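my_file11.txt (compact mmCIF, C-alpha atoms)
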```
# COMPACT_ATOMS: atom_id res chain seq x y z
CA MET H 1 -33.11 -23.46 14.32
CA THR H 2 -34.89 -23.70 10.98
CA ILE H 3 -33.76 -22.12 7.73
CA GLU H 4 -35.78 -21.74 4.57
CA LEU H 5 -33.89 -21.49 1.32
CA LYS H 6 -33.89 -22.67 -2.27
CA ILE H 7 -31.47 -25.32 -3.42
CA ASN H 8 -31.16 -25.81 -7.17
CA GLY H 9 -34.47 -24.04 -7.65
CA ARG H 10 -36.42 -26.09 -5.09
CA PRO H 11 -37.65 -24.57 -1.81
CA ARG H 12 -36.25 -26.40 1.21
CA ARG H 13 -36.75 -26.09 4.94
CA LEU H 14 -33.85 -27.45 6.98
CA GLU H 15 -33.23 -27.94 10.68
CA ILE H 16 -29.72 -26.84 11.60
CA GLU H 17 -27.57 -26.03 14.61
CA PRO H 18 -26.62 -22.31 14.64
CA GLY H 19 -22.92 -23.11 14.28
CA ASP H 20 -23.29 -25.60 11.40
CA MET H 21 -21.36 -24.91 8.25
CA LEU H 22 -23.18 -24.93 4.92
CA VAL H 23 -21.12 -27.78 3.42
CA ASP H 24 -22.19 -30.15 6.21
CA VAL H 25 -25.83 -29.12 6.06
CA LEU H 26 -25.96 -29.55 2.28
CA ARG H 27 -24.28 -32.96 2.38
CA ASP H 28 -26.53 -34.14 5.24
CA ALA H 29 -29.53 -33.03 3.18
CA GLY H 30 -28.38 -35.28 0.34
CA TYR H 31 -26.44 -32.84 -1.83
CA VAL H 32 -23.31 -35.00 -1.76
CA GLU H 33 -22.10 -33.46 -5.03
CA VAL H 34 -20.83 -30.67 -2.74
CA LYS H 35 -17.38 -32.00 -1.86
CA LYS H 36 -15.54 -31.51 1.39
CA GLY H 37 -11.81 -31.01 0.97
CA CYS H 38 -9.50 -29.00 3.22
CA ASP H 39 -12.43 -27.83 5.39
CA SER H 40 -10.46 -24.68 6.15
CA GLY H 41 -11.19 -22.31 3.28
CA SER H 42 -8.19 -23.07 1.12
CA CYS H 43 -8.99 -25.55 -1.67
CA GLY H 44 -12.26 -24.51 -3.37
CA VAL H 45 -13.73 -28.02 -3.77
CA CYS H 46 -16.74 -27.09 -1.61
CA THR H 47 -17.68 -24.14 -3.86
CA VAL H 48 -21.39 -23.49 -4.32
CA LEU H 49 -23.20 -20.44 -5.66
CA ILE H 50 -25.22 -18.33 -3.26
CA ASP H 51 -27.57 -16.06 -5.21
CA GLY H 52 -25.27 -16.73 -8.19
CA THR H 53 -22.04 -15.77 -6.41
CA PRO H 54 -19.36 -18.40 -5.77
CA ILE H 55 -18.54 -18.96 -2.11
CA LEU H 56 -16.84 -21.61 0.00
CA SER H 57 -19.53 -23.66 1.74
CA CYS H 58 -16.99 -24.91 4.30
CA SER H 59 -16.49 -21.32 5.44
CA THR H 60 -20.12 -20.19 5.36
CA LEU H 61 -22.41 -20.56 8.33
CA ALA H 62 -25.52 -22.40 7.16
CA ALA H 63 -27.63 -19.83 9.04
CA LYS H 64 -26.44 -17.25 6.50
CA ALA H 65 -28.26 -19.18 3.75
CA GLU H 66 -31.67 -18.21 5.17
CA GLY H 67 -33.80 -16.85 2.31
CA ARG H 68 -31.02 -17.32 -0.24
CA GLU H 69 -30.72 -19.48 -3.36
CA ILE H 70 -28.00 -22.12 -3.36
CA THR H 71 -26.77 -23.73 -6.56
CA THR H 72 -24.70 -26.90 -6.50
CA VAL H 73 -23.13 -28.45 -9.57
CA LYS H 74 -26.36 -30.42 -10.12
CA GLY H 75 -28.13 -27.08 -10.54
CA ILE H 76 -25.98 -26.34 -13.59
CA GLU H 77 -25.90 -29.92 -14.86
CA LYS H 78 -26.13 -29.03 -18.56
CA GLU H 79 -23.33 -26.44 -18.43
CA ALA H 80 -21.17 -28.62 -16.17
CA SER H 81 -21.58 -31.54 -18.55
CA GLU H 82 -20.50 -29.39 -21.51
CA PHE H 83 -17.47 -28.17 -19.55
CA ALA H 84 -16.60 -31.74 -18.50
CA ASP H 85 -16.29 -32.72 -22.18
CA PHE H 86 -13.55 -30.10 -22.57
CA LEU H 87 -11.78 -31.31 -19.42
CA THR H 88 -11.84 -34.87 -20.75
CA ALA H 89 -10.59 -33.82 -24.17
CA GLU H 90 -7.61 -32.06 -22.59
CA GLY H 91 -6.83 -34.89 -20.13
CA ALA H 92 -7.42 -32.37 -17.39
CA ASP H 93 -9.45 -34.50 -15.03
CA GLN H 94 -8.10 -37.44 -13.07
CA CYS H 95 -9.80 -38.22 -9.77
CA GLY H 96 -12.56 -35.67 -10.43
CA PHE H 97 -12.88 -34.55 -6.81
CA CYS H 98 -12.20 -30.88 -7.62
CA GLY H 99 -14.54 -31.00 -10.66
CA PRO H 100 -17.77 -29.67 -9.08
CA GLY H 101 -15.97 -26.69 -7.57
CA PHE H 102 -14.14 -25.98 -10.83
CA ALA H 103 -17.32 -26.22 -12.89
CA LEU H 104 -19.23 -23.84 -10.62
CA THR H 105 -16.37 -21.34 -10.54
CA VAL H 106 -16.00 -21.41 -14.33
CA TYR H 107 -19.77 -20.96 -14.61
CA ALA H 108 -19.60 -17.92 -12.29
CA LEU H 109 -16.63 -16.50 -14.19
CA MET H 110 -18.52 -16.74 -17.48
CA LYS H 111 -21.51 -14.95 -15.94
CA GLU H 112 -19.25 -12.10 -14.79
CA ASN H 113 -17.00 -11.99 -17.82
CA ASN H 114 -17.88 -14.05 -20.88
CA SER H 115 -14.58 -13.55 -22.68
CA PRO H 116 -11.89 -13.74 -19.99
CA THR H 117 -8.21 -13.54 -20.87
CA GLU H 118 -5.81 -16.28 -19.77
CA GLU H 119 -4.65 -14.08 -16.89
CA GLU H 120 -8.26 -13.43 -15.83
CA ILE H 121 -8.99 -17.18 -15.89
CA ARG H 122 -5.88 -17.93 -13.80
CA HIS H 123 -6.83 -15.20 -11.34
CA TYR H 124 -10.48 -16.25 -10.98
CA LEU H 125 -9.60 -19.92 -10.58
CA ALA H 126 -6.71 -19.33 -8.15
CA GLY H 127 -8.82 -20.55 -5.24
CA ASN H 128 -9.59 -23.94 -6.85
CA LEU H 129 -6.83 -26.41 -6.10
CA CYS H 130 -6.28 -29.69 -7.93
CA ARG H 131 -3.87 -32.35 -6.68
CA CYS H 132 -3.80 -34.42 -9.87
CA SER H 133 -3.57 -32.37 -13.00
CA GLY H 134 -1.07 -29.52 -12.63
CA TYR H 135 -3.57 -26.95 -13.95
CA GLU H 136 -2.23 -26.58 -17.49
CA GLY H 137 -4.77 -29.02 -18.91
CA GLN H 138 -7.55 -27.29 -17.04
CA LEU H 139 -6.44 -23.93 -18.35
CA ARG H 140 -6.50 -25.28 -21.91
CA ALA H 141 -9.94 -26.81 -21.28
CA ILE H 142 -11.36 -23.58 -19.89
CA THR H 143 -9.84 -21.51 -22.69
CA LYS H 144 -11.35 -23.80 -25.33
CA PHE H 145 -14.68 -23.91 -23.49
CA VAL H 146 -14.78 -20.12 -23.46
CA GLU H 147 -13.91 -20.00 -27.17
CA ALA H 148 -16.62 -22.55 -27.98
CA LYS H 149 -19.20 -20.64 -25.93
CA ASN H 150 -18.37 -17.44 -27.76
CA GLY H 151 -18.67 -19.16 -31.15
CA MET M 1 -17.34 -22.18 16.40
CA GLU M 2 -20.07 -23.41 18.71
CA ILE M 3 -23.08 -21.10 18.70
CA SER M 4 -26.03 -21.44 21.07
CA THR M 5 -28.35 -18.80 19.59
CA TYR M 6 -28.22 -17.01 16.24
CA VAL M 7 -30.16 -13.85 15.51
CA ARG M 8 -30.36 -11.41 12.62
CA PRO M 9 -31.37 -7.96 13.90
CA GLN M 10 -33.23 -5.55 11.64
CA SER M 11 -31.68 -2.32 12.92
CA LEU M 12 -28.36 -1.02 14.19
CA GLU M 13 -30.04 -0.10 17.48
CA GLU M 14 -31.21 -3.69 17.97
CA ALA M 15 -27.75 -5.04 17.11
CA TYR M 16 -26.11 -2.56 19.47
CA SER M 17 -28.46 -3.44 22.32
CA LEU M 18 -27.66 -7.13 21.93
CA LEU M 19 -23.97 -6.30 21.85
CA ALA M 20 -24.11 -4.02 24.89
CA ASP M 21 -26.55 -5.95 27.06
CA LYS M 22 -25.80 -9.56 26.20
CA LYS M 23 -22.16 -9.37 25.09
CA ALA M 24 -23.14 -10.87 21.77
CA PHE M 25 -20.58 -11.97 19.17
CA LEU M 26 -20.95 -10.11 15.87
CA ILE M 27 -20.94 -12.05 12.60
CA GLY M 28 -19.88 -10.19 9.46
CA GLY M 29 -19.10 -12.59 6.64
CA GLY M 30 -18.43 -15.36 9.13
CA ALA M 31 -15.58 -16.55 6.92
CA TRP M 32 -13.34 -17.66 9.78
CA SER M 33 -16.10 -19.36 11.81
CA ARG M 34 -14.87 -22.84 10.94
CA MET M 35 -11.37 -22.04 12.17
CA ASN M 36 -12.58 -20.46 15.40
CA ALA M 37 -12.87 -22.73 18.45
CA ARG M 38 -14.77 -20.10 20.47
CA LYS M 39 -18.04 -20.96 22.23
CA VAL M 40 -20.60 -18.23 21.54
CA ASP M 41 -23.85 -17.83 23.48
CA LEU M 42 -25.39 -15.29 21.13
CA ALA M 43 -24.26 -14.67 17.54
CA VAL M 44 -25.56 -11.52 15.86
CA ASP M 45 -25.55 -11.60 12.06
CA LEU M 46 -25.35 -8.09 10.57
CA SER M 47 -26.59 -9.13 7.10
CA SER M 48 -29.96 -7.36 7.32
CA LEU M 49 -28.70 -3.87 8.19
CA ASP M 50 -28.06 -2.52 4.66
CA LEU M 51 -24.37 -2.08 5.40
CA ARG M 52 -23.13 -3.31 2.02
CA PHE M 53 -22.36 -0.18 -0.02
CA ILE M 54 -19.62 1.94 -1.56
CA LYS M 55 -20.73 5.57 -1.88
CA LYS M 56 -18.73 8.46 -3.29
CA SER M 57 -19.68 11.96 -2.28
CA GLY M 58 -17.32 14.80 -3.17
CA ASN M 59 -13.87 13.92 -1.86
CA LYS M 60 -15.13 11.16 0.43
CA ILE M 61 -15.86 7.49 -0.15
CA GLU M 62 -17.95 5.66 2.43
CA ILE M 63 -17.78 1.89 2.60
CA GLY M 64 -20.35 -0.08 4.58
CA ALA M 65 -19.19 -2.68 7.08
CA MET M 66 -20.80 -5.58 5.21
CA THR M 67 -19.12 -4.74 1.90
CA THR M 68 -17.13 -7.76 0.78
CA ALA M 69 -13.44 -7.93 -0.10
CA ARG M 70 -14.51 -8.81 -3.64
CA ASP M 71 -16.68 -5.66 -3.79
CA LEU M 72 -13.63 -3.60 -2.79
CA GLU M 73 -11.40 -5.42 -5.28
CA THR M 74 -13.76 -4.82 -8.20
CA SER M 75 -15.13 -1.37 -7.32
CA SER M 76 -14.39 1.03 -10.17
CA GLU M 77 -14.98 4.07 -7.93
CA LEU M 78 -12.56 2.87 -5.30
CA ASN M 79 -9.86 1.76 -7.71
CA GLU M 80 -10.11 4.94 -9.78
CA ALA M 81 -9.80 7.08 -6.66
CA PHE M 82 -6.79 5.15 -5.34
CA ASN M 83 -5.19 4.02 -8.58
CA GLY M 84 -5.91 0.30 -8.16
CA LEU M 85 -4.57 0.14 -4.59
CA PHE M 86 -7.44 -1.97 -3.26
CA ARG M 87 -7.38 -4.33 -6.24
CA LYS M 88 -3.68 -4.97 -5.77
CA ALA M 89 -3.92 -5.45 -2.00
CA LEU M 90 -6.90 -7.80 -2.07
CA THR M 91 -6.42 -9.79 -5.23
CA HIS M 92 -4.28 -12.57 -3.69
CA ILE M 93 -6.39 -13.23 -0.61
CA VAL M 94 -7.24 -16.95 -0.89
CA GLY M 95 -9.62 -17.12 -3.87
CA VAL M 96 -12.62 -15.31 -5.34
CA GLN M 97 -14.95 -17.52 -3.28
CA MET M 98 -13.37 -16.47 0.01
CA ARG M 99 -13.23 -12.80 -1.02
CA ASN M 100 -17.00 -13.03 -1.64
CA LEU M 101 -17.39 -13.93 2.05
CA ILE M 102 -14.88 -11.70 3.84
CA THR M 103 -16.36 -8.37 4.88
CA LEU M 104 -14.76 -5.02 5.59
CA GLY M 105 -16.34 -4.90 9.05
CA GLY M 106 -15.19 -8.41 9.91
CA THR M 107 -11.62 -7.63 8.85
CA VAL M 108 -11.48 -4.29 10.66
CA GLY M 109 -13.34 -5.65 13.69
CA GLY M 110 -11.05 -8.67 13.97
CA LYS M 111 -7.90 -6.50 13.80
CA PHE M 112 -6.33 -9.55 12.19
CA GLY M 113 -2.54 -9.55 12.12
CA PHE M 114 -2.46 -11.20 8.69
CA SER M 115 -4.74 -8.61 7.12
CA ASP M 116 -3.71 -6.87 3.90
CA LEU M 117 -6.72 -4.57 3.95
CA ASN M 118 -6.03 -3.12 7.39
CA THR M 119 -2.51 -2.12 6.31
CA VAL M 120 -3.99 -0.16 3.40
CA LEU M 121 -6.67 1.48 5.56
CA LEU M 122 -4.05 2.56 8.11
CA ALA M 123 -1.84 4.10 5.43
CA LEU M 124 -4.85 5.89 3.92
CA ASP M 125 -5.70 7.40 7.32
CA ALA M 126 -9.20 5.87 7.16
CA LYS M 127 -11.85 6.88 9.66
CA VAL M 128 -13.87 4.15 11.35
CA VAL M 129 -17.46 5.11 12.07
CA LEU M 130 -18.72 3.28 15.16
CA TYR M 131 -22.39 3.23 16.03
CA LYS M 132 -23.01 5.55 19.02
CA GLN M 133 -19.30 6.41 19.30
CA GLY M 134 -18.83 8.33 16.08
CA GLU M 135 -15.71 8.64 13.97
CA VAL M 136 -12.36 7.27 15.14
CA ASP M 137 -8.94 7.42 13.42
CA PHE M 138 -7.95 4.01 12.14
CA GLU M 139 -4.66 4.16 14.04
CA SER M 140 -6.44 4.94 17.34
CA TYR M 141 -8.97 2.24 16.60
CA LEU M 142 -6.20 -0.33 16.12
CA THR M 143 -4.08 0.61 19.10
CA GLU M 144 -6.38 2.02 21.79
CA LYS M 145 -8.95 0.28 23.94
CA SER M 146 -12.51 1.06 22.94
CA LYS M 147 -14.69 3.14 25.26
CA GLY M 148 -17.72 0.94 24.69
CA PRO M 149 -19.23 -1.82 22.57
CA VAL M 150 -17.82 -1.73 19.05
CA LEU M 151 -20.34 -1.87 16.22
CA ILE M 152 -18.71 -0.74 12.97
CA GLU M 153 -21.07 1.03 10.57
CA LYS M 154 -18.69 2.13 7.87
CA ILE M 155 -15.23 3.33 6.90
CA VAL M 156 -14.71 6.79 5.42
CA LEU M 157 -11.81 7.55 3.08
CA ASP M 158 -10.61 10.94 1.88
CA THR M 159 -9.78 10.77 -1.83
CA GLU M 160 -8.30 14.26 -2.19
CA ASN M 161 -4.77 14.48 -3.52
CA VAL M 162 -3.80 10.98 -2.42
CA HIS M 163 -1.33 8.60 -4.04
CA GLY M 164 -0.54 5.16 -2.68
CA ALA M 165 1.02 1.78 -3.42
CA TYR M 166 0.82 -1.65 -1.78
CA GLU M 167 3.42 -4.41 -1.67
CA GLY M 168 3.23 -7.84 -0.05
CA VAL M 169 5.29 -11.01 0.15
CA ARG M 170 3.72 -14.48 0.19
CA ILE M 171 5.00 -18.05 0.06
CA SER M 172 2.42 -18.75 -2.63
CA ARG M 173 -0.20 -16.69 -4.41
CA THR M 174 -3.22 -17.47 -2.23
CA ASP M 175 -1.45 -17.70 1.12
CA PHE M 176 -1.44 -15.04 3.86
CA SER M 177 1.20 -12.32 3.59
CA ILE M 178 4.48 -12.88 5.40
CA LEU M 179 4.77 -9.11 5.43
CA ASN M 180 2.94 -6.29 3.68
CA SER M 181 3.38 -2.57 3.33
CA CYS M 182 1.41 0.38 2.03
CA ALA M 183 2.94 3.78 1.30
CA VAL M 184 0.68 6.79 0.90
CA GLN M 185 1.61 10.33 -0.04
CA ARG M 186 -0.96 13.05 0.59
CA LYS M 187 -0.59 16.81 0.55
CA GLY M 188 3.15 16.74 1.16
CA ALA M 189 3.15 14.12 3.91
CA TRP M 190 3.82 10.38 3.89
CA ARG M 191 2.24 7.53 5.83
CA ILE M 192 4.12 4.22 5.75
CA ALA M 193 2.23 1.23 7.16
CA VAL M 194 3.67 -2.25 7.64
CA GLY M 195 1.47 -5.24 8.48
CA ALA M 196 1.52 -9.04 8.93
CA ARG M 197 4.56 -8.52 11.17
CA PRO M 198 2.82 -11.02 12.12
CA GLY M 199 0.98 -8.60 14.40
CA GLY M 200 -1.41 -5.99 13.03
CA PRO M 201 -0.29 -3.03 10.94
CA ARG M 202 1.66 -0.14 12.42
CA LEU M 203 2.86 3.18 11.05
CA SER M 204 6.53 3.99 10.81
CA GLY M 205 6.89 7.63 11.79
CA LYS M 206 10.64 7.47 11.20
CA ALA M 207 10.19 6.31 7.61
CA ALA M 208 7.76 9.18 7.01
CA GLN M 209 10.27 11.56 8.58
CA VAL M 210 13.02 10.40 6.22
CA LEU M 211 10.80 11.14 3.24
CA GLY M 212 9.66 14.54 4.53
CA SER M 213 7.53 16.38 2.00
CA THR M 214 9.32 15.00 -1.07
CA GLU M 215 6.74 14.01 -3.66
CA LYS M 216 9.06 11.75 -5.66
CA PRO M 217 11.77 10.46 -3.35
CA ALA M 218 15.06 9.37 -4.90
CA ALA M 219 16.01 5.70 -4.65
CA GLU M 220 18.44 6.48 -1.82
CA SER M 221 15.69 8.19 0.25
CA ALA M 222 13.30 5.28 -0.34
CA LYS M 223 16.05 2.89 0.77
CA LYS M 224 16.69 4.91 3.93
CA ALA M 225 12.96 4.99 4.68
CA GLY M 226 12.85 1.19 4.36
CA GLU M 227 15.75 0.87 6.76
CA ALA M 228 14.11 3.30 9.19
CA ALA M 229 10.87 1.27 9.17
CA ALA M 230 12.79 -1.98 9.74
CA GLU M 231 14.61 -0.43 12.66
CA GLU M 232 11.56 1.21 14.24
CA LEU M 233 8.93 -1.53 14.03
CA ASP M 234 8.71 -4.81 15.93
CA PHE M 235 8.57 -8.11 14.09
CA GLY M 236 7.75 -11.57 15.37
CA ASN M 237 8.05 -15.24 14.47
CA ASP M 238 5.38 -17.55 13.13
CA VAL M 239 5.17 -20.52 10.75
CA ARG M 240 5.62 -18.23 7.75
CA GLY M 241 8.74 -16.38 8.78
CA THR M 242 11.11 -15.34 11.51
CA SER M 243 11.53 -11.91 13.01
CA GLU M 244 14.94 -11.61 11.32
CA TYR M 245 13.49 -12.53 7.93
CA ARG M 246 10.65 -10.01 8.30
CA THR M 247 13.05 -7.28 9.36
CA SER M 248 15.13 -7.93 6.28
CA VAL M 249 12.10 -8.08 3.95
CA CYS M 250 10.73 -4.86 5.47
CA ARG M 251 13.66 -2.84 4.12
CA SER M 252 12.99 -3.84 0.52
CA LEU M 253 9.21 -3.94 0.75
CA VAL M 254 8.86 -0.40 2.11
CA LYS M 255 11.39 0.89 -0.41
CA ARG M 256 9.47 -0.73 -3.26
CA ALA M 257 6.10 0.56 -2.07
CA ILE M 258 7.46 4.11 -1.86
CA GLN M 259 8.99 3.91 -5.33
CA GLU M 260 5.74 2.62 -6.79
CA VAL M 261 3.69 5.60 -5.63
CA GLU M 262 2.69 7.57 -8.72
```

Let me see the structure of the file written as C-alpha cells.
Amino acid sequence: MTIELKINGRPRRLEIEPGDMLVDVLRDAGYVEVKKGCDSGSCGVCTVLIDGTPILSCSTLAAKAEGREITTVKGIEKEASEFADFLTAEGADQCGFCGPGFALTVYALMKENNSPTEEEIRHYLAGNLCRCSGYEGQLRAITKFVEAKNG
Amino acid sequence: MEISTYVRPQSLEEAYSLLADKKAFLIGGGAWSRMNARKVDLAVDLSSLDLRFIKKSGNKIEIGAMTTARDLETSSELNEAFNGLFRKALTHIVGVQMRNLITLGGTVGGKFGFSDLNTVLLALDAKVVLYKQGEVDFESYLTEKSKGPVLIEKIVLDTENVHGAYEGVRISRTDFSILNSCAVQRKGAWRIAVGARPGGPRLSGKAAQVLGSTEKPAAESAKKAGEAAAEELDFGNDVRGTSEYRTSVCRSLVKRAIQEVE
C-alpha cells in the first residue's frame, strides 16, 4: 500500500506493507536518525513527533501515518543542537544513542509546558531510558535548558 | 502482526459491516501491534470515525473509543469529576509516548489482564456503548460472551456523588502493574475492583459487603475488606509475581485504596 505524509516538512509518498512499523519505514526511507532500541515499546529511543505529539515509532503502524506530519530529530535540528550543548556541559551524554528520543521528548514537553517543575520533567521523560548516564546529568541539563529558554 | 489488507472506514456502519461480514481485526491505537504475532487478513483502522472526545453533559461524561490514555490522564473535566483518579491510574503506564498511542477502545476491547484503566472503569460502573448493541454494564462486558460483533463507540460514566481511589504495585515506575485496585463509593454503596491478577479486573462483592453503606470506613473495616477481597478473588502466577504474593498484596492494596477515598 502507499502512504502520503510529510516528514520534517517535506511531502513524501512511501510504499509500505500494511503491517510495517513506522520506525522501520522511516529508517528504510533514509531517516536513520530515528533509532531502534528495545523494539517493544519500552525505551523511548525511537520517539518521533506525529502532528507535534511524541509517540513511539516502534509501536506505531506506518499505515497510521497516512496524511500526518512526522518530525524526527533532524526536523528540530536547531533546538536539538541547543539542547545537546546543555547535555555536553553536564556530562550527560555518553554513547548518544538515546539522544534523538530525549531531544524530541524535551521539545514536546516544552511545547506543552514551557516551565516544567523537576517532578514534571521526571514524569514526562520517564519513558526515555538511558543505559549510560544515570539520568541525574540529564535532569540537570534539562533543568538548565528550561531556565535558559525562559531567560 | 502480519496484515494482508489495511482499510480506514469513514463511518461506523462501514466499520461494522467489515467486522460482521469479513471478521476484520479492529485497530485502535495499534500500540501492541509489534508484540502481536497474529496474522490478520483485514485490519480496520478506526481513526477516521471522530471517536476521540471527552464530553460532559449534566452528570454524565462520554468518552470516545479513540480517546488516548494521555487524553484521559490530562483531561481537566475527567480529573475534576473523579478527583484525579484517571491521572493517578494512568500516569505510570510506560511513558508519555506510549500513552499518546494507547486508546480507550483498544484497552477495553482487548480486555487486557494488565490494564490499569479497566480496573478503574469496572469500579466506576462504566457503561460500554457498542454500535448496534447499545449500552452494556462494564462488568457484563468483561465477563459475558458478546451477542454479536463488538464495535465500541464510547464509554459513559456517571459523575454524580462518586468518590474513588486507585492503587497499584509495580516493580518499577513504567512497568505493568503486578496488582491494582480501585475503590469507589457512590450513594452509600461500594465497588471494589482488583486487576492485573494477572487476569482482568473483577469485583469483590464480599469486600463491598464488609464496608456496607459506611462512607468513611474505620481502618479495621478497610483491613477486613482487603482480607475479604484476597479470599474471594482468584490470583495467578506470571513473571511479575506469584499467586501467593498477589494474594498478600491484595490485602494491603484494597485497604489502602479504601482509606484513600475522600

Extract, using only C-alpha atoms, all DNA, RNA and protein residues at most 10 Å from M:Ser146, discarding same-chain residues fewer than 6 positions from it, and format them as a VMD selection string.
chain M and resid 133 136 140

Could the residues in this selection be saved with C-alpha atoms as a PDB file, keeping the file's coordinate frame?
```pdb
ATOM      1  CA  GLN M 133     -19.300   6.410  19.300  1.00  0.00           C
ATOM      2  CA  VAL M 136     -12.360   7.270  15.140  1.00  0.00           C
ATOM      3  CA  SER M 140      -6.440   4.940  17.340  1.00  0.00           C
TER       4      SER M 140
END
```

Neighbours of chain M in chain H at 6 Å, counting only C-alpha atoms, as a VMD selection string
chain H and resid 18 to 19 54 to 56 59 126 to 127

Could you tell me which of M:Asp238, M:Glu215, M:Glu167, M:Glu62 comes closest to M:Cys182 if we count all atoms listed in the file?
M:Glu167

To one decimal place, how far is atom CA of M:Ile171 from atom CA of H:Thr143 in Å?
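Atom-to-atom, atom CA of M:Ile171 to atom CA of H:Thr143, that is 27.4 Å.
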
Applying 7 Å and only C-alpha atoms, which residues near stretch 69-72 of chain H remain after dropping the ones on its own chain fewer than 4 positions away? List them as a list in words.
Leu5, Lys6, Ile7, Asn8, Val34, Val48, Leu49, Ile50 and Asp51 of chain H

Two-atom distance - atom CA of H:Val73, atom CA of H:Phe102 (Å):
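That distance, rounded to one decimal, is 9.4 Å.
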
Which is closer to M:Leu18 than all the others in M:Val129, M:Ile54, M:Val150, M:Ile61, using all atoms listed in the file?
M:Val150

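With distances taken over all atoms listed in the file, M:Ala20 is the one residue among M:Ala126, M:Ala183, M:Ile63, M:Ala20 lying closest to M:Lys147.
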
I'd like the interatomic distance between atom CA of H:Gly67 and atom CA of M:Ser48, to a tenth of an Å.
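Computing it gives 11.4 Å between the two atoms.
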
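In this comparison, which uses all atoms listed in the file, the residue of M:Cys250, M:Leu124, M:Ala207, M:Ile258 approaching M:Asn180 most closely is M:Cys250.
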
Leaving out H:Phe97 and any residue of its chain fewer than 3 positions from it, which residues lie within 8 Å of it when counting all atoms listed in the file, given as a list in words?
Lys35, Val45 and Pro100 of chain H

Writing out the chosen residues with C-alpha atoms as a CSV table (one decimal), keeping the file's coordinate frame:
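As written to disk, selection.csv reads:
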```csv
chain,number,residue,atom,x,y,z
H,35,LYS,CA,-17.4,-32.0,-1.9
H,45,VAL,CA,-13.7,-28.0,-3.8
H,100,PRO,CA,-17.8,-29.7,-9.1
```

Need the shell around M:Gly195: protein/DNA/RNA residues with any atom at most 9 Å away, counting only C-alpha atoms. Skip same-chain ones fewer than 2 positions apart. Format as a list in words?
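My reading of the contact set: Gly113, Phe114, Ser115, Asp116, Asn118, Thr119, Ser177, Ile178, Leu179, Asn180, Ser181, Cys182, Ala193, Arg197, Pro198, Gly199, Gly200, Pro201, Arg202 and Leu203 of chain M.
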
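For the residues H:Ile142, H:Cys130, H:Ala92, H:Leu87, ranking by smallest atom-to-atom distance to H:Val106 using all atoms listed in the file places H:Ile142 first.
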
Taking (-2.9, -28.0, -8.7) in the file's coordinates as the center, which residues reach within 12 Å of it, counting all atoms listed in the file, put as an MDAnalysis selection string?
chainID H and resid 43:45 92:94 98 102 122 125:139

Contacts of H:Lys78 at 12 Å or less, counting all atoms listed in the file, minus same-chain residues fewer than 5 places along, as a ChimeraX atom specification?
/H:73,83-85,103-104,107

Among the residues H:Asn150, H:Leu109, H:Leu14, H:Ala89, the one that comes closest to H:Tyr124 [using all atoms listed in the file]:
H:Leu109

Around all the atoms of stretch 76-94 of chain H listed in the file, with 3 Å of room on each side, what axis-aligned box do you get, giving centre and edge lengths in Å to one decimal, as JSON?
```
{"center_x": -16.5, "center_y": -31.9, "center_z": -18.6, "size_x": 25.3, "size_y": 17.1, "size_z": 17.1}
```

Sel. within 7 Å of pt (-18.9, 2.7, 4.4), counting all atoms listed in the file, output as a PDB file with C-alpha atoms, keeping the file's coordinate frame:
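Result went into out_31.pdb, see below:
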```pdb
ATOM      1  CA  PHE M  53     -22.360  -0.180  -0.020  1.00  0.00           C
ATOM      2  CA  ILE M  54     -19.620   1.940  -1.560  1.00  0.00           C
ATOM      3  CA  GLU M  62     -17.950   5.660   2.430  1.00  0.00           C
ATOM      4  CA  ILE M  63     -17.780   1.890   2.600  1.00  0.00           C
ATOM      5  CA  GLY M  64     -20.350  -0.080   4.580  1.00  0.00           C
ATOM      6  CA  ALA M  65     -19.190  -2.680   7.080  1.00  0.00           C
ATOM      7  CA  GLU M 153     -21.070   1.030  10.570  1.00  0.00           C
ATOM      8  CA  LYS M 154     -18.690   2.130   7.870  1.00  0.00           C
ATOM      9  CA  ILE M 155     -15.230   3.330   6.900  1.00  0.00           C
ATOM     10  CA  VAL M 156     -14.710   6.790   5.420  1.00  0.00           C
TER      11      VAL M 156
END
```

Write stretch 146-152 of chain M as a compact mmCIF listing (two decimals), in the coordinates of the input, completed to N, CA, C and O atoms.
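Wrote result06.txt, looks like this:
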```
# COMPACT_ATOMS: atom_id res chain seq x y z
N SER M 146 -11.25 0.38 23.24
CA SER M 146 -12.51 1.06 22.94
C SER M 146 -13.22 1.50 24.22
O SER M 146 -13.12 0.85 25.26
N LYS M 147 -13.96 2.62 24.08
CA LYS M 147 -14.69 3.14 25.26
C LYS M 147 -16.02 2.42 25.47
O LYS M 147 -16.68 2.61 26.49
N GLY M 148 -16.43 1.63 24.54
CA GLY M 148 -17.72 0.94 24.69
C GLY M 148 -17.86 -0.15 23.66
O GLY M 148 -16.89 -0.47 22.96
N PRO M 149 -19.03 -0.76 23.55
CA PRO M 149 -19.23 -1.82 22.57
C PRO M 149 -18.94 -1.33 21.15
O PRO M 149 -19.32 -0.22 20.80
N VAL M 150 -18.25 -2.15 20.39
CA VAL M 150 -17.82 -1.73 19.05
C VAL M 150 -18.72 -2.34 17.98
O VAL M 150 -18.73 -3.55 17.76
N LEU M 151 -19.51 -1.46 17.34
CA LEU M 151 -20.34 -1.87 16.22
C LEU M 151 -19.96 -0.97 15.04
O LEU M 151 -20.29 0.22 15.02
N ILE M 152 -19.22 -1.53 14.10
CA ILE M 152 -18.71 -0.74 12.97
C ILE M 152 -19.81 -0.54 11.93
O ILE M 152 -20.39 -1.51 11.45
```
